[in-house]
$ cat protein39.cif   # mmCIF, C-alpha atoms
data_model
#
loop_
_atom_site.group_PDB
_atom_site.id
_atom_site.type_symbol
_atom_site.label_atom_id
_atom_site.label_comp_id
_atom_site.auth_asym_id
_atom_site.auth_seq_id
_atom_site.Cartn_x
_atom_site.Cartn_y
_atom_site.Cartn_z
ATOM 1 C CA MET A 1 19.302 -13.878 2.696
ATOM 2 C CA LEU A 2 16.583 -12.043 4.625
ATOM 3 C CA ARG A 3 16.650 -13.613 8.076
ATOM 4 C CA LEU A 4 19.929 -12.104 9.317
ATOM 5 C CA PRO A 5 19.332 -8.514 8.047
ATOM 6 C CA LEU A 6 15.788 -8.496 9.447
ATOM 7 C CA ALA A 7 16.993 -9.851 12.780
ATOM 8 C CA PHE A 8 19.659 -7.111 12.871
ATOM 9 C CA LEU A 9 17.025 -4.433 12.198
ATOM 10 C CA ILE A 10 14.836 -5.786 15.000
ATOM 11 C CA VAL A 11 17.778 -5.556 17.405
ATOM 12 C CA ALA A 12 18.475 -2.021 16.140
ATOM 13 C CA GLY A 13 14.833 -1.062 16.681
ATOM 14 C CA HIS A 14 14.965 -2.196 20.304
ATOM 15 C CA ALA A 15 18.280 -0.389 20.809
ATOM 16 C CA ASN A 16 16.975 2.981 19.624
ATOM 17 C CA THR A 17 18.687 5.403 22.003
ATOM 18 C CA LEU A 18 16.312 8.163 20.925
ATOM 19 C CA LYS A 19 13.282 6.244 22.231
ATOM 20 C CA PHE A 20 15.090 4.340 24.967
ATOM 21 C CA PRO A 21 17.897 6.530 26.374
ATOM 22 C CA LEU A 22 20.670 4.575 28.063
ATOM 23 C CA ARG A 23 21.128 7.197 30.757
ATOM 24 C CA ALA A 24 19.777 10.616 31.565
ATOM 25 C CA ASN A 25 22.104 13.504 30.929
ATOM 26 C CA GLU A 26 22.326 16.694 28.938
ATOM 27 C CA GLN A 27 24.034 14.913 26.055
ATOM 28 C CA LEU A 28 20.802 13.043 25.293
ATOM 29 C CA VAL A 29 18.901 16.300 25.127
ATOM 30 C CA ALA A 30 21.505 17.549 22.664
ATOM 31 C CA TYR A 31 20.429 14.777 20.268
ATOM 32 C CA ASP A 32 17.524 17.020 19.368
ATOM 33 C CA TYR A 33 19.969 19.455 17.792
ATOM 34 C CA ASN A 34 22.500 16.956 16.552
ATOM 35 C CA ILE A 35 22.673 15.306 13.146
ATOM 36 C CA ILE A 36 23.154 11.938 14.869
ATOM 37 C CA LYS A 37 19.396 11.602 15.331
ATOM 38 C CA TYR A 38 18.896 11.106 11.576
ATOM 39 C CA PRO A 39 20.921 7.902 11.050
ATOM 40 C CA ILE A 40 19.551 6.526 14.335
ATOM 41 C CA HIS A 41 15.983 7.191 13.220
ATOM 42 C CA LEU A 42 16.678 5.754 9.767
ATOM 43 C CA LEU A 43 18.079 2.503 11.130
ATOM 44 C CA SER A 44 15.979 2.048 14.279
ATOM 45 C CA ASP A 45 12.620 3.253 13.007
ATOM 46 C CA ILE A 46 12.276 3.558 9.222
ATOM 47 C CA LEU A 47 14.224 0.426 8.251
ATOM 48 C CA PHE A 48 13.116 -1.375 11.407
ATOM 49 C CA GLY A 49 9.427 -0.743 10.647
ATOM 50 C CA PRO A 50 8.976 -3.395 7.913
ATOM 51 C CA ALA A 51 11.056 -6.083 9.690
ATOM 52 C CA VAL A 52 8.442 -7.659 11.987
ATOM 53 C CA PRO A 53 5.561 -7.394 9.456
ATOM 54 C CA LEU A 54 7.786 -9.022 6.835
ATOM 55 C CA PHE A 55 8.570 -11.893 9.207
ATOM 56 C CA PHE A 56 4.810 -12.460 9.607
ATOM 57 C CA MET A 57 4.291 -12.307 5.825
ATOM 58 C CA ILE A 58 7.062 -14.813 5.141
ATOM 59 C CA SER A 59 5.760 -17.107 7.897
ATOM 60 C CA GLY A 60 2.250 -17.071 6.435
ATOM 61 C CA PHE A 61 3.527 -17.672 2.904
ATOM 62 C CA LEU A 62 5.780 -20.574 3.826
ATOM 63 C CA PHE A 63 3.174 -22.179 6.089
ATOM 64 C CA PHE A 64 0.658 -22.617 3.249
ATOM 65 C CA MET A 65 2.960 -22.736 0.228
ATOM 66 C CA GLY A 66 2.436 -25.706 -2.063
ATOM 67 C CA LEU A 67 -0.694 -26.973 -0.282
ATOM 68 C CA ASN A 68 -3.601 -28.133 -2.435
ATOM 69 C CA HIS A 69 -5.671 -29.119 0.573
ATOM 70 C CA PHE A 70 -5.534 -28.430 4.281
ATOM 71 C CA ASP A 71 -7.132 -31.180 6.326
ATOM 72 C CA MET A 72 -6.767 -32.141 9.976
ATOM 73 C CA VAL A 73 -3.831 -34.470 9.233
ATOM 74 C CA THR A 74 -1.882 -31.668 7.537
ATOM 75 C CA TYR A 75 -2.808 -29.277 10.330
ATOM 76 C CA LYS A 76 -1.537 -31.640 13.048
ATOM 77 C CA GLN A 77 1.690 -32.319 11.164
ATOM 78 C CA LYS A 78 2.471 -28.632 10.730
ATOM 79 C CA ILE A 79 1.546 -27.718 14.298
ATOM 80 C CA LYS A 80 3.729 -30.554 15.595
ATOM 81 C CA ARG A 81 6.732 -29.254 13.622
ATOM 82 C CA ARG A 82 6.133 -25.675 14.743
ATOM 83 C CA ALA A 83 5.877 -26.812 18.370
ATOM 84 C CA LYS A 84 9.503 -27.927 18.155
ATOM 85 C CA THR A 85 10.757 -24.777 16.457
ATOM 86 C CA LEU A 86 8.538 -22.179 18.173
ATOM 87 C CA LEU A 87 6.813 -23.381 21.347
ATOM 88 C CA ILE A 88 9.772 -25.115 23.011
ATOM 89 C CA PRO A 89 12.235 -22.209 22.450
ATOM 90 C CA TYR A 90 9.509 -19.753 23.507
ATOM 91 C CA LEU A 91 8.933 -21.529 26.833
ATOM 92 C CA LEU A 92 12.660 -22.057 27.385
ATOM 93 C CA TRP A 93 13.699 -18.435 26.924
ATOM 94 C CA ASN A 94 10.801 -17.123 29.010
ATOM 95 C CA PHE A 95 11.772 -19.554 31.761
ATOM 96 C CA ILE A 96 15.404 -18.369 31.601
ATOM 97 C CA TYR A 97 14.190 -14.771 31.804
ATOM 98 C CA LEU A 98 12.133 -15.618 34.903
ATOM 99 C CA LEU A 99 14.940 -17.526 36.660
ATOM 100 C CA PRO A 100 16.209 -14.560 38.759
ATOM 101 C CA THR A 101 12.667 -13.781 39.920
ATOM 102 C CA LEU A 102 12.059 -17.451 40.703
ATOM 103 C CA ALA A 103 15.324 -17.665 42.666
ATOM 104 C CA ASN A 104 14.463 -14.578 44.728
ATOM 105 C CA THR A 105 10.994 -15.986 45.366
ATOM 106 C CA LEU A 106 12.454 -19.249 46.659
ATOM 107 C CA LEU A 107 14.829 -17.254 48.876
ATOM 108 C CA GLY A 108 11.875 -15.367 50.343
ATOM 109 C CA LYS A 109 12.738 -11.978 48.854
ATOM 110 C CA TYR A 110 9.619 -11.970 46.666
ATOM 111 C CA ASN A 111 6.163 -13.314 47.410
ATOM 112 C CA TYR A 112 5.004 -14.626 44.029
ATOM 113 C CA ASP A 113 2.841 -17.720 43.664
ATOM 114 C CA VAL A 114 2.991 -20.408 40.975
ATOM 115 C CA TRP A 115 0.240 -18.743 38.941
ATOM 116 C CA TYR A 116 2.382 -15.615 38.577
ATOM 117 C CA PHE A 117 5.064 -17.574 36.711
ATOM 118 C CA ILE A 118 2.535 -19.486 34.598
ATOM 119 C CA GLU A 119 0.762 -16.275 33.648
ATOM 120 C CA SER A 120 4.063 -14.556 32.848
ATOM 121 C CA LEU A 121 4.694 -17.072 30.080
ATOM 122 C CA TRP A 122 1.856 -15.397 28.158
ATOM 123 C CA ILE A 123 1.440 -11.926 29.673
ATOM 124 C CA MET A 124 3.179 -10.164 32.537
ATOM 125 C CA PRO A 125 0.687 -9.695 35.404
ATOM 126 C CA ASN A 126 1.675 -6.022 35.733
ATOM 127 C CA GLN A 127 0.385 -5.486 32.169
ATOM 128 C CA LEU A 128 -3.128 -6.835 32.707
ATOM 129 C CA ASP A 129 -4.557 -3.306 32.524
ATOM 130 C CA ARG A 130 -3.408 -3.161 28.898
ATOM 131 C CA ILE A 131 -6.080 -5.711 27.943
ATOM 132 C CA SER A 132 -8.864 -3.200 28.565
ATOM 133 C CA GLU A 133 -6.818 -0.521 26.792
ATOM 134 C CA MET A 134 -6.180 -2.856 23.822
ATOM 135 C CA THR A 135 -2.489 -1.981 23.813
ATOM 136 C CA MET A 136 0.420 -4.386 23.414
ATOM 137 C CA ALA A 137 1.087 -6.691 26.358
ATOM 138 C CA THR A 138 4.169 -8.891 26.387
ATOM 139 C CA PRO A 139 5.275 -12.146 28.010
ATOM 140 C CA ALA A 140 8.088 -12.262 30.566
ATOM 141 C CA ASP A 141 10.697 -11.936 27.812
ATOM 142 C CA PRO A 142 9.139 -8.960 25.953
ATOM 143 C CA PRO A 143 10.599 -9.453 22.424
ATOM 144 C CA LEU A 144 9.004 -12.912 22.318
ATOM 145 C CA TRP A 145 5.567 -11.359 21.787
ATOM 146 C CA PHE A 146 6.248 -11.995 18.096
ATOM 147 C CA ILE A 147 6.591 -15.760 18.652
ATOM 148 C CA ARG A 148 3.494 -15.799 20.859
ATOM 149 C CA ASP A 149 1.351 -13.993 18.289
ATOM 150 C CA LEU A 150 2.779 -16.106 15.461
ATOM 151 C CA MET A 151 1.794 -19.286 17.321
ATOM 152 C CA VAL A 152 -1.746 -17.936 17.645
ATOM 153 C CA CYS A 153 -1.828 -17.339 13.874
ATOM 154 C CA LEU A 154 -0.720 -20.943 13.331
ATOM 155 C CA VAL A 155 -3.408 -22.275 15.671
ATOM 156 C CA LEU A 156 -5.952 -20.254 13.680
ATOM 157 C CA SER A 157 -4.535 -21.492 10.348
ATOM 158 C CA PRO A 158 -7.630 -23.613 9.443
ATOM 159 C CA VAL A 159 -9.752 -20.440 9.626
ATOM 160 C CA ILE A 160 -7.124 -18.470 7.702
ATOM 161 C CA TRP A 161 -6.994 -21.213 5.046
ATOM 162 C CA PHE A 162 -10.784 -21.153 4.669
ATOM 163 C CA VAL A 163 -10.853 -17.357 4.351
ATOM 164 C CA ALA A 164 -7.915 -17.257 1.921
ATOM 165 C CA ARG A 165 -9.641 -19.769 -0.381
ATOM 166 C CA LYS A 166 -12.612 -17.406 -0.754
ATOM 167 C CA LYS A 167 -10.991 -14.549 -2.638
ATOM 168 C CA MET A 168 -13.680 -11.923 -2.135
ATOM 169 C CA ILE A 169 -14.073 -12.764 1.550
ATOM 170 C CA CYS A 170 -10.294 -12.724 1.921
ATOM 171 C CA ILE A 171 -10.009 -9.255 0.370
ATOM 172 C CA ILE A 172 -12.733 -7.952 2.684
ATOM 173 C CA VAL A 173 -11.011 -9.440 5.749
ATOM 174 C CA VAL A 174 -7.634 -7.971 4.753
ATOM 175 C CA VAL A 175 -9.223 -4.532 4.261
ATOM 176 C CA LEU A 176 -10.981 -4.775 7.642
ATOM 177 C CA LEU A 177 -7.685 -5.689 9.304
ATOM 178 C CA ALA A 178 -5.689 -3.073 7.392
ATOM 179 C CA ALA A 179 -7.989 -0.148 8.220
ATOM 180 C CA PRO A 180 -7.357 0.019 12.004
ATOM 181 C CA TRP A 181 -3.670 -0.716 11.460
ATOM 182 C CA PHE A 182 -3.237 2.031 8.844
ATOM 183 C CA PHE A 183 -5.198 4.647 10.811
ATOM 184 C CA SER A 184 -3.687 3.565 14.170
ATOM 185 C CA ILE A 185 -7.113 3.036 15.709
ATOM 186 C CA PRO A 186 -6.560 2.063 19.382
ATOM 187 C CA CYS A 187 -7.800 -1.509 19.077
ATOM 188 C CA LEU A 188 -4.751 -3.163 17.515
ATOM 189 C CA PHE A 189 -4.193 -5.561 20.403
ATOM 190 C CA PRO A 190 -7.629 -6.808 21.553
ATOM 191 C CA PHE A 191 -6.129 -9.628 23.621
ATOM 192 C CA PRO A 192 -2.590 -10.854 24.385
ATOM 193 C CA GLY A 193 -1.579 -13.128 21.535
ATOM 194 C CA ILE A 194 -4.253 -11.806 19.188
ATOM 195 C CA SER A 195 -3.094 -8.687 17.423
ATOM 196 C CA ILE A 196 -4.344 -7.034 14.264
ATOM 197 C CA PRO A 197 -0.825 -6.418 12.820
ATOM 198 C CA SER A 198 0.154 -10.082 13.171
ATOM 199 C CA LEU A 199 -3.109 -11.357 11.672
ATOM 200 C CA LEU A 200 -2.964 -8.787 8.854
ATOM 201 C CA PHE A 201 0.533 -9.568 7.617
ATOM 202 C CA PHE A 202 0.284 -13.309 8.242
ATOM 203 C CA MET A 203 -2.931 -13.208 6.183
ATOM 204 C CA ILE A 204 -1.219 -11.327 3.343
ATOM 205 C CA GLY A 205 1.528 -13.941 3.180
ATOM 206 C CA SER A 206 -0.995 -16.776 3.418
ATOM 207 C CA MET A 207 -3.083 -15.206 0.680
ATOM 208 C CA ALA A 208 -0.083 -15.096 -1.665
ATOM 209 C CA ALA A 209 0.598 -18.794 -1.041
ATOM 210 C CA VAL A 210 -3.000 -20.018 -1.303
ATOM 211 C CA TRP A 211 -3.596 -17.979 -4.457
ATOM 212 C CA ASP A 212 -0.423 -19.454 -6.023
ATOM 213 C CA VAL A 213 1.109 -16.032 -6.578
ATOM 214 C CA ASN A 214 4.253 -16.479 -8.658
ATOM 215 C CA ILE A 215 6.610 -14.715 -6.249
ATOM 216 C CA ALA A 216 9.775 -15.349 -8.278
ATOM 217 C CA ARG A 217 8.327 -13.931 -11.512
ATOM 218 C CA TRP A 218 6.841 -10.955 -9.673
ATOM 219 C CA LEU A 219 10.121 -10.161 -7.917
ATOM 220 C CA SER A 220 12.078 -10.486 -11.174
ATOM 221 C CA ASN A 221 10.280 -7.416 -12.599
ATOM 222 C CA VAL A 222 13.210 -4.989 -12.653
ATOM 223 C CA ASN A 223 11.137 -1.892 -13.451
ATOM 224 C CA MET A 224 8.724 -2.590 -10.624
ATOM 225 C CA SER A 225 11.561 -3.201 -8.188
ATOM 226 C CA LYS A 226 13.300 0.049 -9.153
ATOM 227 C CA PHE A 227 10.031 1.957 -8.825
ATOM 228 C CA LEU A 228 9.175 0.616 -5.353
ATOM 229 C CA ILE A 229 12.714 0.989 -4.038
ATOM 230 C CA GLY A 230 12.804 4.559 -5.378
ATOM 231 C CA ILE A 231 9.457 5.420 -3.766
ATOM 232 C CA PHE A 232 10.627 3.897 -0.483
ATOM 233 C CA PHE A 233 13.830 5.977 -0.643
ATOM 234 C CA ILE A 234 11.961 9.220 -1.331
ATOM 235 C CA LEU A 235 9.399 8.605 1.426
ATOM 236 C CA SER A 236 12.212 7.750 3.842
ATOM 237 C CA ILE A 237 13.824 11.129 3.170
ATOM 238 C CA ILE A 238 10.468 12.862 3.739
ATOM 239 C CA GLU A 239 10.004 10.932 6.984
ATOM 240 C CA LEU A 240 13.484 11.972 8.184
ATOM 241 C CA ILE A 241 12.667 15.608 7.457
ATOM 242 C CA MET A 242 9.217 15.545 9.068
ATOM 243 C CA VAL A 243 9.880 13.521 12.219
ATOM 244 C CA ASP A 244 10.437 15.514 15.371
ATOM 245 C CA TYR A 245 12.013 14.281 18.599
ATOM 246 C CA SER A 246 11.482 16.508 21.607
ATOM 247 C CA PHE A 247 13.494 15.827 24.761
ATOM 248 C CA SER A 248 12.984 17.143 28.254
ATOM 249 C CA LEU A 249 15.325 16.509 31.165
ATOM 250 C CA ASN A 250 13.888 16.345 34.674
ATOM 251 C CA GLY A 251 16.393 15.191 37.228
ATOM 252 C CA GLU A 252 17.419 11.667 36.246
ATOM 253 C CA SER A 253 14.569 11.034 33.817
ATOM 254 C CA VAL A 254 14.372 11.891 30.157
ATOM 255 C CA SER A 255 10.985 12.086 28.452
ATOM 256 C CA VAL A 256 10.882 11.719 24.689
ATOM 257 C CA THR A 257 8.046 12.972 22.504
ATOM 258 C CA ILE A 258 7.949 11.682 18.932
ATOM 259 C CA GLU A 259 5.843 13.453 16.358
ATOM 260 C CA GLN A 260 5.574 11.645 13.044
ATOM 261 C CA ASN A 261 2.931 11.190 10.379
ATOM 262 C CA ILE A 262 1.225 7.864 11.143
ATOM 263 C CA TYR A 263 -0.024 7.474 7.563
ATOM 264 C CA LEU A 264 3.406 8.080 6.064
ATOM 265 C CA HIS A 265 4.882 5.602 8.526
ATOM 266 C CA ALA A 266 2.286 2.958 7.576
ATOM 267 C CA ILE A 267 3.028 3.473 3.867
ATOM 268 C CA LEU A 268 6.745 3.139 4.621
ATOM 269 C CA VAL A 269 6.132 -0.171 6.400
ATOM 270 C CA LEU A 270 4.159 -1.575 3.457
ATOM 271 C CA GLY A 271 6.554 -0.214 0.852
ATOM 272 C CA GLY A 272 9.525 -1.366 2.884
ATOM 273 C CA CYS A 273 8.251 -4.950 2.976
ATOM 274 C CA PHE A 274 8.174 -5.172 -0.806
ATOM 275 C CA ALA A 275 11.363 -3.130 -1.272
ATOM 276 C CA PHE A 276 13.216 -5.537 1.044
ATOM 277 C CA LEU A 277 11.897 -8.519 -0.919
ATOM 278 C CA PHE A 278 13.020 -6.991 -4.210
ATOM 279 C CA VAL A 279 16.507 -6.177 -2.903
ATOM 280 C CA ALA A 280 16.879 -9.641 -1.364
ATOM 281 C CA TYR A 281 15.740 -11.307 -4.574
ATOM 282 C CA ARG A 282 18.202 -9.367 -6.717
ATOM 283 C CA LEU A 283 21.059 -10.150 -4.338
ATOM 284 C CA ALA A 284 20.043 -13.811 -4.163
ATOM 285 C CA SER A 285 19.884 -13.972 -7.965
ATOM 286 C CA HIS A 286 23.416 -12.600 -8.291
ATOM 287 C CA VAL A 287 24.685 -15.023 -5.660
ATOM 288 C CA ALA A 288 22.926 -17.916 -7.408
ATOM 289 C CA GLY A 289 24.455 -16.849 -10.702
ATOM 290 C CA ALA A 290 27.904 -16.751 -9.131
ATOM 291 C CA TRP A 291 27.307 -20.288 -7.881
ATOM 292 C CA GLY A 292 26.214 -21.395 -11.336
ATOM 293 C CA GLY A 293 22.762 -22.108 -10.004
ATOM 294 C CA HIS A 294 19.346 -21.295 -11.397
ATOM 295 C CA PHE A 295 16.171 -19.944 -9.889
ATOM 296 C CA LEU A 296 13.498 -22.310 -11.073
ATOM 297 C CA CYS A 297 9.971 -21.071 -10.639
ATOM 298 C CA SER A 298 7.099 -23.528 -10.338
ATOM 299 C CA GLN A 299 3.712 -22.473 -11.633
ATOM 300 C CA VAL A 300 2.109 -24.507 -8.854
ATOM 301 C CA THR A 301 3.958 -23.151 -5.839
ATOM 302 C CA GLY A 302 5.077 -19.838 -7.281
ATOM 303 C CA CYS A 303 8.516 -20.278 -5.742
ATOM 304 C CA SER A 304 11.135 -22.991 -5.977
ATOM 305 C CA SER A 305 12.861 -24.608 -3.025
ATOM 306 C CA ILE A 306 16.081 -22.906 -4.172
ATOM 307 C CA LEU A 307 14.397 -19.521 -3.920
ATOM 308 C CA GLN A 308 12.992 -20.400 -0.503
ATOM 309 C CA ARG A 309 16.409 -21.327 0.858
ATOM 310 C CA ARG A 310 18.383 -18.475 -0.685
ATOM 311 C CA LEU A 311 15.836 -15.699 -0.309
ATOM 312 C CA PHE A 312 14.128 -16.591 2.966
ATOM 313 C CA HIS A 313 16.896 -18.838 4.359
ATOM 314 C CA VAL A 314 14.415 -20.948 6.304
ATOM 315 C CA SER A 315 13.112 -24.485 6.237
ATOM 316 C CA VAL A 316 9.602 -24.885 4.865
ATOM 317 C CA GLN A 317 8.894 -28.427 5.998
#
$ encode --input "protein39.cif" --output "structure tokens"
Amino acid sequence: MLRLPLAFLIVAGHANTLKFPLRANEQLVAYDYNIIKYPIHLLSDILFGPAVPLFFMISGFLFFMGLNHFDMVTYKQKIKRRAKTLLIPYLLWNFIYLLPTLANTLLGKYNYDVWYFIESLWIMPNQLDRISEMTMATPADPPLWFIRDLMVCLVLSPVIWFVARKKMICIIVVVLLAAPWFFSIPCLFPFPGISIPSLLFFMIGSMAAVWDVNIARWLSNVNMSKFLIGIFFILSIIELIMVDYSFSLNGESVSVTIEQNIYLHAILVLGGCFAFLFVAYRLASHVAGAWGGHFLCSQVTGCSSILQRRLFHVSVQ
């Protein structure tokens, strides 16, 4: 129920022609005075914003859901399963992305050594300066930074489990992670693979699972869902009114300046995560009712396997 819409929003976010113009011409500059910028910004920025954080939250929740203990045996079993579903596809698609460069290197057109290709599986060598700047650095296939950072969260899962079990410590850690993210302090990506946004939202999902939060009962609160969806709608309108795209055309290059309230955007991301969950739950409930099915909620796990499949549409083994 959620996987396909979120994947679509991520594609839309990376196809934002306001941030990433397809070609430089006067028509792009005219976007600044054209109503078309509003639906593009709504789809590729406002609705896109919660997509990746929500993927991290769901991943953290499903990774720890239903566990009463987390020993080395459990850890190895889960890591082994995730290696098949995350690591192998990650390496494969990065390798495919690097194939043209590898072919040109073998033909003598480029002069890259083996280490270049190994390093590119984690971080592109031309982005090494971003480490000192603590800005996002990507692997060869840039969108796969999400998989890379998610794998790091999974490797750190014993630490996350320990922290999540200590409620006060967990709250303190979440606050410490949330502060730089909310205020956009320039330290969000201290090292490739370790990012504050990924750890923050994976921790929030993990916390919900370890604390046995009854997700189904919480999502079934109609008044709460209407309130959060309404707030998200109102803030989205305010964001559309306040955001400002400035374009300048210089020869064949177009520079884009985006002025938006970072605090409002952060609130929209948080509110959007929960609004999406509420909408997905209501839709899944109607679909389940049409099928004659029932959403059974376990007090132990907080979410039945039916809810997992129909709401998250993923395997939780």
$ residues_around --input "protein39.cif" --residues "Cys170 in chain A" --least-positions-apart "3" --cutoff "10 Å" --atoms "all atoms listed in the file" --output "number ranges by chain"
A: 160-167, 173-176, 203-204, 207
$ closest_residue --input "protein39.cif" --among "A:Val11, A:Ala137, A:Leu2, A:Met168" --to "Phe189 in chain A" --atoms "only C-alpha atoms"
A:Ala137
$ resolve_selection --input "protein39.cif" --expression "the PyMOL selection byres ((chain A and resi 219) around 9)" --output "PyMOL selection string"
chain A and resi 214-218+220-222+224-225+274+277-278+281-282
$ residues_around --input "protein39.cif" --residues "range 228-236 of chain A" --least-positions-apart "6" --cutoff "10 Å" --atoms "all atoms listed in the file" --output "short mmCIF file (atom, residue, chain, number, x, y, z; two decimals) with C-alpha atoms, keeping the file's coordinate frame"
data_model
loop_
_atom_site.label_atom_id
_atom_site.label_comp_id
_atom_site.auth_asym_id
_atom_site.auth_seq_id
_atom_site.Cartn_x
_atom_site.Cartn_y
_atom_site.Cartn_z
CA LEU A 42 16.68 5.75 9.77
CA ILE A 46 12.28 3.56 9.22
CA LEU A 47 14.22 0.43 8.25
CA MET A 242 9.22 15.54 9.07
CA LEU A 264 3.41 8.08 6.06
CA HIS A 265 4.88 5.60 8.53
CA ILE A 267 3.03 3.47 3.87
CA LEU A 268 6.74 3.14 4.62
CA VAL A 269 6.13 -0.17 6.40
CA LEU A 270 4.16 -1.58 3.46
CA GLY A 271 6.55 -0.21 0.85
CA GLY A 272 9.52 -1.37 2.88
CA CYS A 273 8.25 -4.95 2.98
CA PHE A 274 8.17 -5.17 -0.81
CA ALA A 275 11.36 -3.13 -1.27
CA PHE A 276 13.22 -5.54 1.04
CA PHE A 278 13.02 -6.99 -4.21
CA VAL A 279 16.51 -6.18 -2.90
#
$ residues_around --input "protein39.cif" --residues "Phe8 in chain A" --least-positions-apart "4" --cutoff "10 Å" --atoms "all atoms listed in the file" --output "VMD selection string"
chain A and resid 3 to 4 12 to 13 43 to 44 48 51
$ axis_aligned_box --input "protein39.cif" --around "range 141-148 of chain A" --padding-each-side "3 Å" --output "AutoDock Vina command-line options"
--center_x 7.1 --center_y -12.4 --center_z 23.0 --size_x 13.2 --size_y 12.8 --size_z 15.7
$ closest_residue --input "protein39.cif" --among "A:Ile262, A:Ile237, A:Val73, A:Leu106" --to "Trp181 in chain A" --atoms "only C-alpha atoms"
A:Ile262
$ resolve_selection --input "protein39.cif" --expression "the PyMOL selection byres ((chain A and resi 202) around 10)" --output "PyMOL selection string"
chain A and resi 53-61+63+150+153-154+157+160+196-201+203-207
$ atom_distance --input "protein39.cif" --atom1 "CA of Ile238 in chain A" --atom2 "CA of Leu9 in chain A"
20.3 Å
$ atom_distance --input "protein39.cif" --atom1 "CA of Leu87 in chain A" --atom2 "CA of Pro125 in chain A"
20.6 Å
$ atom_distance --input "protein39.cif" --atom1 "CA of Leu98 in chain A" --atom2 "CA of Phe117 in chain A"
7.6 Å
$ resolve_selection --input "protein39.cif" --expression "the PyMOL selection byres ((chain A and resi 122) around 9)" --output "list in words"
Ile118, Glu119, Ser120, Leu121, Ile123, Met124, Ala137, Thr138, Pro139, Ala140, Trp145, Arg148, Pro192 and Gly193 of chain A
$ residues_near_point --input "protein39.cif" --point "(5.2, -30.3, 10.5)" --cutoff "12 Å" --atoms "only C-alpha atoms" --output "ChimeraX atom specification"
/A:62-64,73-86,154,315-317
$ closest_residue --input "protein39.cif" --among "A:Phe191, A:Pro50, A:Asn261, A:Asp212" --to "Leu240 in chain A" --atoms "all atoms listed in the file"
A:Asn261
